[in-house]
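For reference, input.txt (compact mmCIF, C-alpha atoms (C1' of nucleotides)):
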```
# COMPACT_ATOMS: atom_id res chain seq x y z
CA MET A 1 -0.72 4.17 8.89
CA SER A 2 1.92 5.22 11.42
CA ASP A 3 5.53 4.17 11.14
CA SER A 4 5.42 2.29 14.42
CA ARG A 5 2.43 0.27 13.25
CA GLU A 6 4.05 -0.50 9.93
CA ASN A 7 7.14 -1.55 11.79
CA PHE A 8 5.16 -3.93 13.98
CA ILE A 9 3.26 -5.35 11.01
CA GLU A 10 6.47 -6.01 9.11
CA LEU A 11 7.96 -7.68 12.18
CA MET A 12 4.99 -10.00 12.34
CA GLY A 13 5.49 -10.78 8.68
CA ARG A 14 9.05 -11.83 9.35
CA ILE A 15 8.15 -13.83 12.44
CA HIS A 16 5.42 -15.81 10.72
CA GLN A 17 7.75 -16.43 7.83
CA HIS A 18 10.34 -17.72 10.28
CA ASP A 19 7.63 -19.98 11.71
CA GLY A 20 6.86 -21.51 8.34
CA GLN A 21 3.97 -19.40 7.14
CA SER A 22 4.03 -16.74 4.48
CA ARG A 23 5.05 -13.14 5.00
CA ILE A 24 1.59 -11.87 4.12
CA HIS A 25 0.10 -14.33 6.61
CA GLY A 26 2.06 -12.58 9.34
CA ARG A 27 1.41 -9.08 8.04
CA LEU A 28 -2.30 -9.77 8.02
CA PHE A 29 -2.17 -11.04 11.59
CA GLY A 30 -0.18 -7.96 12.59
CA LEU A 31 -2.58 -5.62 10.84
CA LEU A 32 -5.64 -7.09 12.52
CA LEU A 33 -3.85 -7.08 15.84
CA MET A 34 -3.47 -3.31 15.42
CA GLU A 35 -7.17 -2.81 14.66
CA LYS A 36 -10.03 -2.97 17.13
CA LYS A 37 -12.64 -3.12 14.41
CA GLY A 38 -12.82 -5.62 11.58
CA LEU A 39 -11.38 -4.80 8.18
CA SER A 40 -12.69 -5.80 4.77
CA LEU A 41 -10.58 -7.73 2.28
CA GLN A 42 -10.23 -4.62 0.16
CA GLN A 43 -9.13 -2.51 3.12
CA MET A 44 -6.55 -5.08 4.09
CA ALA A 45 -5.26 -5.36 0.53
CA ASP A 46 -4.96 -1.57 0.30
CA ARG A 47 -3.19 -1.09 3.61
CA LEU A 48 -0.74 -3.91 3.02
CA GLN A 49 -0.34 -3.09 -0.66
CA VAL A 50 -0.84 -6.68 -1.74
CA SER A 51 -3.29 -8.38 -4.05
CA LYS A 52 -6.75 -9.26 -2.83
CA ALA A 53 -6.01 -12.84 -3.89
CA SER A 54 -3.26 -13.03 -1.29
CA VAL A 55 -5.49 -11.49 1.34
CA SER A 56 -8.26 -13.93 0.55
CA THR A 57 -6.15 -17.05 0.87
CA ASN A 58 -4.15 -15.91 3.87
CA ALA A 59 -7.24 -14.70 5.71
CA ARG A 60 -8.71 -18.15 5.17
CA HIS A 61 -5.62 -19.76 6.67
CA LEU A 62 -5.68 -17.45 9.69
CA LYS A 63 -9.35 -18.20 10.17
CA GLU A 64 -8.77 -21.96 9.97
CA LYS A 65 -6.13 -21.59 12.67
CA GLY A 66 -8.59 -19.75 14.87
CA LEU A 67 -6.53 -16.56 15.04
CA ILE A 68 -9.06 -14.30 13.31
CA ARG A 69 -12.78 -14.49 12.72
CA LEU A 70 -15.26 -13.37 10.12
CA THR A 71 -17.76 -10.67 10.98
CA SER A 72 -20.36 -8.70 9.06
CA SER A 73 -22.58 -5.63 9.25
CA PRO A 74 -26.23 -5.34 8.21
CA GLY A 75 -26.73 -3.89 4.76
CA ASP A 76 -23.14 -4.60 3.79
CA ARG A 77 -22.13 -7.59 1.77
CA GLN A 78 -18.43 -7.29 2.44
CA ASP A 79 -16.61 -9.77 4.66
CA TYR A 80 -14.88 -8.27 7.65
CA TYR A 81 -12.14 -9.98 9.60
CA GLU A 82 -11.07 -9.19 13.13
CA LEU A 83 -8.71 -10.71 15.68
CA VAL A 84 -10.32 -13.26 17.99
CA SER A 85 -10.42 -12.20 21.63
CA SER A 86 -7.56 -14.47 22.63
CA PRO A 87 -5.44 -15.77 19.76
CA TYR A 88 -2.65 -16.69 22.19
CA ASP A 89 -4.05 -19.98 23.42
CA GLN A 90 -4.65 -20.94 19.79
CA MET A 91 -1.00 -20.24 19.14
CA TYR A 92 0.07 -22.58 21.93
CA ASP A 93 -2.24 -25.22 20.54
CA LEU A 94 -0.86 -24.85 17.05
CA ILE A 95 2.68 -25.48 18.21
CA ARG A 96 1.50 -28.29 20.44
CA LYS A 97 -0.22 -30.05 17.57
CA ASP A 98 2.83 -29.70 15.36
CA MET A 99 5.15 -31.10 18.01
CA LEU A 100 2.81 -33.95 18.83
CA ASP A 101 2.53 -34.81 15.17
CA MET A 102 6.30 -34.98 14.85
CA ALA A 103 6.56 -37.17 17.94
CA GLY A 104 4.03 -39.48 16.36
CA GLN A 105 5.91 -39.68 13.09
CA ILE A 106 9.15 -40.43 14.91
CA ALA A 107 7.40 -43.14 16.89
CA GLU A 108 6.25 -44.76 13.66
CA ALA A 109 9.75 -44.67 12.25
CA ARG A 110 11.17 -46.06 15.50
CA GLU A 111 8.87 -49.07 15.42
CA GLN A 112 10.44 -50.13 12.15
CA LEU A 113 13.90 -50.00 13.67
CA GLU A 114 13.43 -52.96 15.96
CA GLY A 115 16.51 -54.94 15.01
CA GLU A 116 18.85 -52.01 15.62
CA ASP A 117 21.40 -51.55 18.35
CA SER A 118 19.83 -50.50 21.62
CA VAL A 119 21.94 -47.34 21.75
CA ILE A 120 20.43 -46.22 18.48
CA ILE A 121 16.90 -47.09 19.53
CA GLU A 122 17.37 -45.11 22.69
CA ARG A 123 18.49 -42.06 20.76
CA VAL A 124 15.33 -42.15 18.72
CA GLU A 125 13.24 -42.56 21.85
CA ARG A 126 14.89 -39.51 23.36
CA LEU A 127 14.21 -37.52 20.24
CA GLU A 128 10.59 -38.57 20.31
CA GLU A 129 10.45 -37.56 23.96
CA PHE A 130 11.80 -34.13 23.09
CA TYR A 131 8.85 -33.41 20.83
CA ARG A 132 6.29 -35.04 23.09
CA ILE A 133 7.38 -33.22 26.23
CA SER A 134 7.59 -29.90 24.40
CA ALA A 135 4.05 -30.45 23.17
CA GLU A 136 2.87 -31.26 26.69
CA VAL A 137 4.27 -28.22 28.43
CA LEU A 138 2.96 -25.88 25.75
CA GLY A 139 -0.42 -27.52 25.97
CA ASP A 140 -0.39 -27.02 29.75
CA ILE A 141 0.15 -23.31 29.29
CA ALA A 142 -2.73 -23.11 26.84
CA ASN A 143 -5.01 -24.85 29.32
CA LYS A 144 -4.00 -22.52 32.13
CA LEU A 145 -4.75 -19.52 29.92
CA ARG A 146 -8.18 -20.84 29.05
CA LYS A 147 -9.47 -21.51 32.54
CA MET B 16 21.63 -48.91 4.42
CA SER B 17 18.42 -50.55 5.58
CA ASP B 18 15.01 -49.30 4.52
CA SER B 19 14.01 -48.46 8.07
CA ARG B 20 17.11 -46.31 8.52
CA GLU B 21 16.54 -44.53 5.24
CA ASN B 22 12.98 -43.94 6.28
CA PHE B 23 14.07 -42.38 9.56
CA ILE B 24 16.70 -40.25 7.85
CA GLU B 25 14.20 -38.94 5.34
CA LEU B 26 11.77 -38.16 8.14
CA MET B 27 14.43 -36.12 9.88
CA GLY B 28 15.03 -34.29 6.61
CA ARG B 29 11.38 -33.32 6.43
CA ILE B 30 11.18 -32.36 10.10
CA HIS B 31 14.21 -30.08 9.95
CA GLN B 32 12.85 -28.54 6.78
CA HIS B 33 9.58 -27.90 8.58
CA ASP B 34 11.59 -26.29 11.36
CA GLY B 35 13.27 -23.87 8.99
CA GLN B 36 16.50 -25.66 8.19
CA SER B 37 17.39 -27.43 4.99
CA ARG B 38 16.44 -30.96 4.12
CA ILE B 39 20.06 -32.08 4.01
CA HIS B 40 20.59 -30.51 7.43
CA GLY B 41 17.99 -32.90 8.79
CA ARG B 42 19.18 -35.89 6.80
CA LEU B 43 22.67 -35.38 8.12
CA PHE B 44 21.40 -35.20 11.67
CA GLY B 45 19.36 -38.34 11.08
CA LEU B 46 22.30 -40.18 9.55
CA LEU B 47 24.62 -39.39 12.45
CA LEU B 48 21.90 -40.31 14.91
CA MET B 49 21.86 -43.78 13.30
CA GLU B 50 25.63 -44.18 13.61
CA LYS B 51 27.59 -44.86 16.78
CA LYS B 52 30.92 -44.05 15.17
CA GLY B 53 31.81 -40.83 13.38
CA LEU B 54 31.53 -40.56 9.61
CA SER B 55 33.77 -38.66 7.21
CA LEU B 56 32.41 -36.00 4.87
CA GLN B 57 32.88 -38.33 1.94
CA GLN B 58 31.04 -41.17 3.68
CA MET B 59 28.14 -38.89 4.50
CA ALA B 60 27.99 -37.55 0.96
CA ASP B 61 27.99 -41.08 -0.44
CA ARG B 62 25.32 -42.43 1.88
CA LEU B 63 23.01 -39.47 1.40
CA GLN B 64 23.81 -39.16 -2.29
CA VAL B 65 24.44 -35.44 -2.06
CA SER B 66 27.41 -33.25 -2.90
CA LYS B 67 30.25 -32.90 -0.46
CA ALA B 68 29.69 -29.14 -0.63
CA SER B 69 26.29 -29.59 0.95
CA VAL B 70 27.66 -31.93 3.55
CA SER B 71 30.42 -29.50 4.40
CA THR B 72 28.16 -26.50 4.96
CA ASN B 73 25.39 -28.39 6.71
CA ALA B 74 27.82 -30.20 8.98
CA ARG B 75 29.22 -26.82 9.95
CA HIS B 76 25.73 -25.59 10.82
CA LEU B 77 24.98 -28.67 12.90
CA LYS B 78 28.29 -28.27 14.66
CA GLU B 79 27.62 -24.59 15.41
CA LYS B 80 24.30 -25.61 16.94
CA GLY B 81 26.07 -28.11 19.16
CA LEU B 82 24.21 -31.12 17.76
CA ILE B 83 27.25 -32.88 16.30
CA ARG B 84 30.96 -32.70 16.97
CA LEU B 85 34.17 -33.09 15.04
CA THR B 86 36.42 -36.04 15.81
CA SER B 87 39.59 -37.47 14.30
CA SER B 88 41.79 -40.53 14.27
CA PRO B 89 45.60 -40.67 14.39
CA GLY B 90 47.21 -41.06 10.98
CA ASP B 91 44.06 -39.94 9.20
CA ARG B 92 43.53 -36.42 7.96
CA GLN B 93 39.84 -36.78 7.32
CA ASP B 94 37.29 -34.98 9.48
CA TYR B 95 34.82 -37.24 11.21
CA TYR B 96 31.54 -36.06 12.64
CA GLU B 97 29.49 -37.80 15.28
CA LEU B 98 26.40 -36.99 17.31
CA VAL B 99 27.10 -35.30 20.64
CA SER B 100 26.14 -37.38 23.65
CA SER B 101 23.00 -35.37 24.35
CA PRO B 102 21.78 -33.21 21.48
CA TYR B 103 18.35 -32.92 23.09
CA ASP B 104 19.14 -30.20 25.58
CA GLN B 105 20.77 -28.27 22.76
CA MET B 106 17.53 -28.57 20.84
CA TYR B 107 15.57 -27.12 23.73
CA ASP B 108 18.08 -24.30 23.95
CA LEU B 109 17.82 -23.56 20.26
CA ILE B 110 14.05 -23.14 20.41
CA ARG B 111 14.38 -21.16 23.61
CA LYS B 112 16.81 -18.73 22.03
CA ASP B 113 14.59 -18.27 18.99
CA MET B 114 11.52 -17.60 21.10
CA LEU B 115 13.37 -15.23 23.38
CA ASP B 116 14.71 -13.34 20.41
CA MET B 117 11.23 -12.90 19.01
CA ALA B 118 9.94 -11.71 22.36
CA GLY B 119 12.74 -9.15 22.36
CA GLN B 120 11.93 -7.94 18.88
CA ILE B 121 8.27 -7.60 19.76
CA ALA B 122 9.22 -5.66 22.88
CA GLU B 123 11.22 -3.23 20.76
CA ALA B 124 8.33 -2.73 18.39
CA ARG B 125 5.95 -2.27 21.32
CA GLU B 126 8.03 0.50 22.81
CA GLN B 127 7.49 2.52 19.67
CA LEU B 128 3.73 2.14 19.96
CA GLU B 129 3.37 4.29 23.07
CA GLY B 130 0.64 6.61 21.81
CA GLU B 131 -1.63 3.76 20.82
CA ASP B 132 -4.88 2.65 22.39
CA SER B 133 -4.34 0.61 25.54
CA VAL B 134 -6.27 -2.34 24.09
CA ILE B 135 -3.78 -2.52 21.24
CA ILE B 136 -0.78 -2.18 23.53
CA GLU B 137 -2.12 -4.97 25.69
CA ARG B 138 -2.47 -7.26 22.70
CA VAL B 139 1.16 -6.75 21.84
CA GLU B 140 2.16 -7.36 25.44
CA ARG B 141 0.27 -10.63 25.42
CA LEU B 142 1.95 -11.66 22.21
CA GLU B 143 5.33 -10.85 23.69
CA GLU B 144 4.40 -12.89 26.73
CA PHE B 145 3.52 -15.85 24.53
CA TYR B 146 7.03 -16.03 23.19
CA ARG B 147 8.71 -15.25 26.48
CA ILE B 148 6.79 -17.86 28.46
CA SER B 149 7.31 -20.49 25.79
CA ALA B 150 11.01 -19.77 25.94
CA GLU B 151 11.03 -20.08 29.72
CA VAL B 152 9.29 -23.43 29.99
CA LEU B 153 11.46 -24.95 27.28
CA GLY B 154 14.54 -23.59 28.99
CA ASP B 155 13.40 -25.16 32.25
CA ILE B 156 13.20 -28.56 30.61
CA ALA B 157 16.69 -28.16 29.19
CA ASN B 158 18.01 -27.33 32.64
CA LYS B 159 16.31 -30.34 34.21
CA LEU B 160 17.83 -32.59 31.56
CA ARG B 161 21.30 -31.24 32.20
CA LYS B 162 21.44 -31.69 35.95
C1' DT C 24 58.55 -31.77 -7.41
C1' DT C 25 54.63 -33.72 -8.80
C1' DT C 26 50.30 -35.95 -7.80
C1' DA C 27 46.49 -37.01 -4.90
C1' DT C 28 43.37 -36.12 -1.12
C1' DC C 29 40.57 -33.29 1.83
C1' DG C 30 37.71 -29.52 3.07
C1' DT C 31 35.88 -24.90 1.98
C1' DT C 32 33.93 -21.24 -0.68
C1' DC C 33 31.23 -19.20 -4.19
C1' DA C 34 28.88 -18.34 -8.52
C1' DA C 35 25.50 -20.74 -11.14
C1' DT C 36 21.36 -23.30 -11.20
C1' DA C 37 17.73 -25.99 -9.68
C1' DT C 38 13.67 -26.14 -6.86
C1' DG C 39 9.84 -25.08 -4.07
C1' DT C 40 6.37 -21.97 -3.14
C1' DA C 41 4.53 -17.21 -2.29
C1' DT C 42 2.27 -13.88 -4.87
C1' DT C 43 -0.30 -12.06 -8.43
C1' DG C 44 -3.53 -11.16 -12.49
C1' DA C 45 -7.23 -12.72 -14.74
C1' DA C 46 -11.30 -15.32 -15.13
C1' DC C 47 -15.23 -16.66 -12.77
C1' DA C 48 -19.72 -17.24 -9.99
C1' DA C 49 -22.72 -14.98 -6.98
C1' DT C 50 -25.06 -11.19 -5.60
C1' DA C 51 -26.50 -6.44 -5.46
C1' DA C 52 -27.31 -2.04 -7.56
C1' DT C 53 -29.02 0.85 -11.48
C1' DA D 15 -31.30 -6.50 -18.33
C1' DT D 16 -27.14 -4.45 -17.57
C1' DT D 17 -23.45 -2.96 -14.78
C1' DA D 18 -20.75 -3.01 -10.60
C1' DT D 19 -19.03 -5.37 -6.29
C1' DT D 20 -17.31 -8.99 -3.73
C1' DG D 21 -14.74 -13.03 -2.89
C1' DT D 22 -12.54 -17.28 -4.69
C1' DT D 23 -9.72 -20.13 -7.56
C1' DC D 24 -5.96 -21.24 -10.49
C1' DA D 25 -2.34 -20.92 -13.92
C1' DA D 26 1.59 -18.06 -14.56
C1' DT D 27 5.53 -15.86 -12.59
C1' DA D 28 8.31 -13.83 -9.35
C1' DC D 29 11.24 -14.79 -5.64
C1' DA D 30 14.09 -16.78 -2.12
C1' DT D 31 17.28 -20.13 -1.12
C1' DA D 32 18.92 -24.97 -1.17
C1' DT D 33 22.06 -27.51 -3.77
C1' DT D 34 25.72 -28.29 -6.76
C1' DG D 35 30.07 -28.14 -9.67
C1' DA D 36 34.18 -26.16 -10.10
C1' DA D 37 38.05 -23.72 -8.45
C1' DC D 38 40.95 -23.13 -4.69
C1' DG D 39 44.39 -23.58 -0.67
C1' DA D 40 46.38 -26.71 2.41
C1' DT D 41 48.39 -30.80 3.38
C1' DA D 42 50.04 -35.42 2.63
C1' DA D 43 51.77 -39.06 -0.37
C1' DA D 44 54.66 -40.58 -4.31
```

Would you mind writing the structure in this file as structure tokens?
Amino acid sequence: MSDSRENFIELMGRIHQHDGQSRIHGRLFGLLLMEKKGLSLQQMADRLQVSKASVSTNARHLKEKGLIRLTSSPGDRQDYYELVSSPYDQMYDLIRKDMLDMAGQIAEAREQLEGEDSVIIERVERLEEFYRISAEVLGDIANKLRK
Amino acid sequence: MSDSRENFIELMGRIHQHDGQSRIHGRLFGLLLMEKKGLSLQQMADRLQVSKASVSTNARHLKEKGLIRLTSSPGDRQDYYELVSSPYDQMYDLIRKDMLDMAGQIAEAREQLEGEDSVIIERVERLEEFYRISAEVLGDIANKLRK
DNA sequence: TTTATCGTTCAATATGTATTGAACAATAAT
DNA sequence: ATTATTGTTCAATACATATTGAACGATAAA
């Protein structure tokens, strides 16, 4: 494993951690992004020097998010994981969903604030708008990428 | 403090925590969003039932991010904090800066990968683009809000 | 001067959760 | 039938950091 690859993989670990996932989650994504062919759980655990338990759970999470996919070869009972062809639109969608969810939660909270001063209500509406508009523009990008 | 306000404040605590800040950071933001007039550190600590140490540090962070501002009254040596008139464009800017920073870090890592397969390089370029484009569109919204 | 108030800093601790090791079921190999 | 692989789950722990209490300096009040 070259230094420049390790460097990239570690960067992805830090970025995913910054984004609320675990460090290994990001390292795994970085590792598979560096590999054209799928890797087995054991291979990933060896290269990242982490337990296979961590690889198993984090690979599941990445798969659920649509960033990697499971593959297999005939006569081999190991699971192989590889990057999906375009994880980028999934990434836009993930942020979009998060933002939309927050906008929804704020809307719920706002509805309970009916008696409040209009200035306060308006602040909450603006906040809600922040998340909703952010979600929209990111969703637009994802759609453009897909078509 | 009404239930609906507390509910909103707690929601903001959870949202900020989800976004990588502390729970009190979000609660403080939520509290000041519910108040038209500035609150002193002691008032904020009392209403949120947290230590004044937490309020002090988190208020500083919110102030550095441009979401709240320090005010004062004549004949009173307490510090008062209130929401800035439009924290929303600051919020766009904060995400924009984060995204742009990540794009920059990925670019640095990519430059070290020169010998690699072109498929791999392209993946990294796409990833970089994801963060850069996200930063751009969010920055555009902030600019529209400001003018 | 003494006493009280206000805000900050920092070492100690509380807290949440990422990570792991071990146990396990399922399957394949011998 | 026995042994070895493979992947998952979960309780235990390692780890990062949010939060606090206490000490402090600065300033105002008494």

Go through chain B residue by residue and, counting only C-alpha atoms, keep those with an atom at most 6 Å from chain A; for each kept residue give the shortest atom pair and its distance in Å to one decimal, ordered by chain and increasing number, as a Markdown table.
```
| residue | atom | partner | partner_atom | distance |
| --- | --- | --- | --- | --- |
| B:Ser19 | CA | A:Gln112 | CA | 5.7 |
| B:Phe23 | CA | A:Ala109 | CA | 5.6 |
| B:Met49 | CA | A:Ile120 | CA | 5.9 |
| B:Ala124 | CA | A:Phe8 | CA | 5.6 |
| B:Gln127 | CA | A:Ser4 | CA | 5.6 |
| B:Leu128 | CA | A:Ser4 | CA | 5.8 |
| B:Ile135 | CA | A:Met34 | CA | 5.9 |
```

Would you give me, as a VMD selection string, the residues of chain A that come within 12 Å of chain D, using all atoms listed in the file?
chain A and resid 17 40 to 42 52 to 57 59 to 60 76 to 80

- Enumerate as a list in words the residues belonging to chain C that approach chain A to within 10 Å, with all atoms listed in the file taken into account.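 Every residue meeting the condition is included here: DT40, DA41, DT42, DT43, DG44, DT50 and DA51 of chain C.
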
* To do: Kindly give the distance, in Å, that separates CA of Asp93 (chain A) and CA of Ala135 (chain A), rounded to a single decimal.
  =>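 CA of Ala135 (chain A) lies at a distance of 8.6 Å from CA of Asp93 (chain A).
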
Expressed in Å, the length from CA of Asn73 (chain B) to CA of Gly26 (chain A) is 28.3 Å

Edge lengths and centre in Å to one decimal, as JSON, is what I'm after for the box along x, y and z that holds all listed atoms of region 38-51 of chain C once 3 Å is added on each side.
```
{"center_x": -6.4, "center_y": -16.3, "center_z": -8.7, "size_x": 46.2, "size_y": 25.7, "size_z": 18.8}
```

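In this structure, CA of Val99 (chain B) sits 21.9 Å away from CA of Met16 (chain B).
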
What would the file be for region 28-38 of chain B if you keep all heavy atoms and write it as a compact mmCIF listing (two decimals), in the first residue's frame?
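Resulting contents of part_27.txt:
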```txt
# COMPACT_ATOMS: atom_id res chain seq x y z
N GLY B 28 -30.67 21.64 19.91
CA GLY B 28 -29.53 20.94 20.53
C GLY B 28 -29.19 19.68 19.76
O GLY B 28 -28.02 19.43 19.45
N ARG B 29 -30.20 18.92 19.41
CA ARG B 29 -29.94 17.67 18.69
C ARG B 29 -29.44 17.93 17.27
O ARG B 29 -28.55 17.23 16.77
CB ARG B 29 -31.21 16.81 18.65
CG ARG B 29 -31.63 16.30 20.02
CD ARG B 29 -32.72 15.24 19.92
NE ARG B 29 -33.95 15.72 19.29
CZ ARG B 29 -34.95 16.32 19.93
NH1 ARG B 29 -34.87 16.52 21.24
NH2 ARG B 29 -36.03 16.70 19.28
N ILE B 30 -29.99 18.95 16.63
CA ILE B 30 -29.56 19.25 15.26
C ILE B 30 -28.10 19.70 15.22
O ILE B 30 -27.31 19.23 14.40
CB ILE B 30 -30.49 20.31 14.62
CG1 ILE B 30 -31.84 19.68 14.30
CG2 ILE B 30 -29.86 20.91 13.37
CD1 ILE B 30 -32.81 20.61 13.60
N HIS B 31 -27.74 20.60 16.12
CA HIS B 31 -26.35 21.05 16.13
C HIS B 31 -25.41 19.89 16.45
O HIS B 31 -24.32 19.79 15.91
CB HIS B 31 -26.16 22.20 17.12
CG HIS B 31 -26.56 23.53 16.55
ND1 HIS B 31 -25.82 24.67 16.74
CD2 HIS B 31 -27.60 23.88 15.77
CE1 HIS B 31 -26.41 25.67 16.11
NE2 HIS B 31 -27.49 25.23 15.54
N GLN B 32 -25.86 19.03 17.36
CA GLN B 32 -25.04 17.86 17.69
C GLN B 32 -24.85 16.99 16.44
O GLN B 32 -23.74 16.55 16.14
CB GLN B 32 -25.72 17.06 18.79
CG GLN B 32 -24.83 16.00 19.40
CD GLN B 32 -25.44 15.43 20.66
OE1 GLN B 32 -26.66 15.30 20.79
NE2 GLN B 32 -24.60 15.08 21.61
N HIS B 33 -25.93 16.80 15.72
CA HIS B 33 -25.85 16.04 14.47
C HIS B 33 -24.90 16.70 13.48
O HIS B 33 -24.24 16.04 12.68
CB HIS B 33 -27.25 15.93 13.86
CG HIS B 33 -27.30 15.23 12.54
ND1 HIS B 33 -27.02 15.87 11.36
CD2 HIS B 33 -27.56 13.95 12.21
CE1 HIS B 33 -27.13 15.00 10.36
NE2 HIS B 33 -27.46 13.84 10.86
N ASP B 34 -24.82 18.02 13.55
CA ASP B 34 -23.96 18.76 12.62
C ASP B 34 -22.52 18.90 13.12
O ASP B 34 -21.73 19.62 12.53
CB ASP B 34 -24.54 20.16 12.37
CG ASP B 34 -25.81 20.09 11.55
OD1 ASP B 34 -26.14 19.00 11.04
OD2 ASP B 34 -26.48 21.13 11.41
N GLY B 35 -22.22 18.24 14.22
CA GLY B 35 -20.83 18.24 14.67
C GLY B 35 -20.49 19.21 15.78
O GLY B 35 -19.35 19.29 16.21
N GLN B 36 -21.50 20.00 16.22
CA GLN B 36 -21.22 20.85 17.38
C GLN B 36 -21.78 20.19 18.63
O GLN B 36 -22.32 19.10 18.57
CB GLN B 36 -21.83 22.25 17.18
CG GLN B 36 -21.11 23.08 16.14
CD GLN B 36 -21.83 23.03 14.83
OE1 GLN B 36 -23.04 22.85 14.78
NE2 GLN B 36 -21.11 23.19 13.73
N SER B 37 -21.67 20.88 19.74
CA SER B 37 -22.14 20.28 20.98
C SER B 37 -23.63 20.56 21.16
O SER B 37 -24.21 21.44 20.53
CB SER B 37 -21.37 20.82 22.17
OG SER B 37 -21.79 22.12 22.48
N ARG B 38 -24.22 19.78 22.02
CA ARG B 38 -25.65 19.92 22.30
C ARG B 38 -25.95 21.30 22.88
O ARG B 38 -26.93 21.96 22.49
CB ARG B 38 -26.06 18.82 23.28
CG ARG B 38 -27.52 18.74 23.53
CD ARG B 38 -27.88 17.40 24.17
NE ARG B 38 -28.53 16.52 23.23
CZ ARG B 38 -28.97 15.31 23.54
NH1 ARG B 38 -28.77 14.82 24.74
NH2 ARG B 38 -29.59 14.57 22.64
```
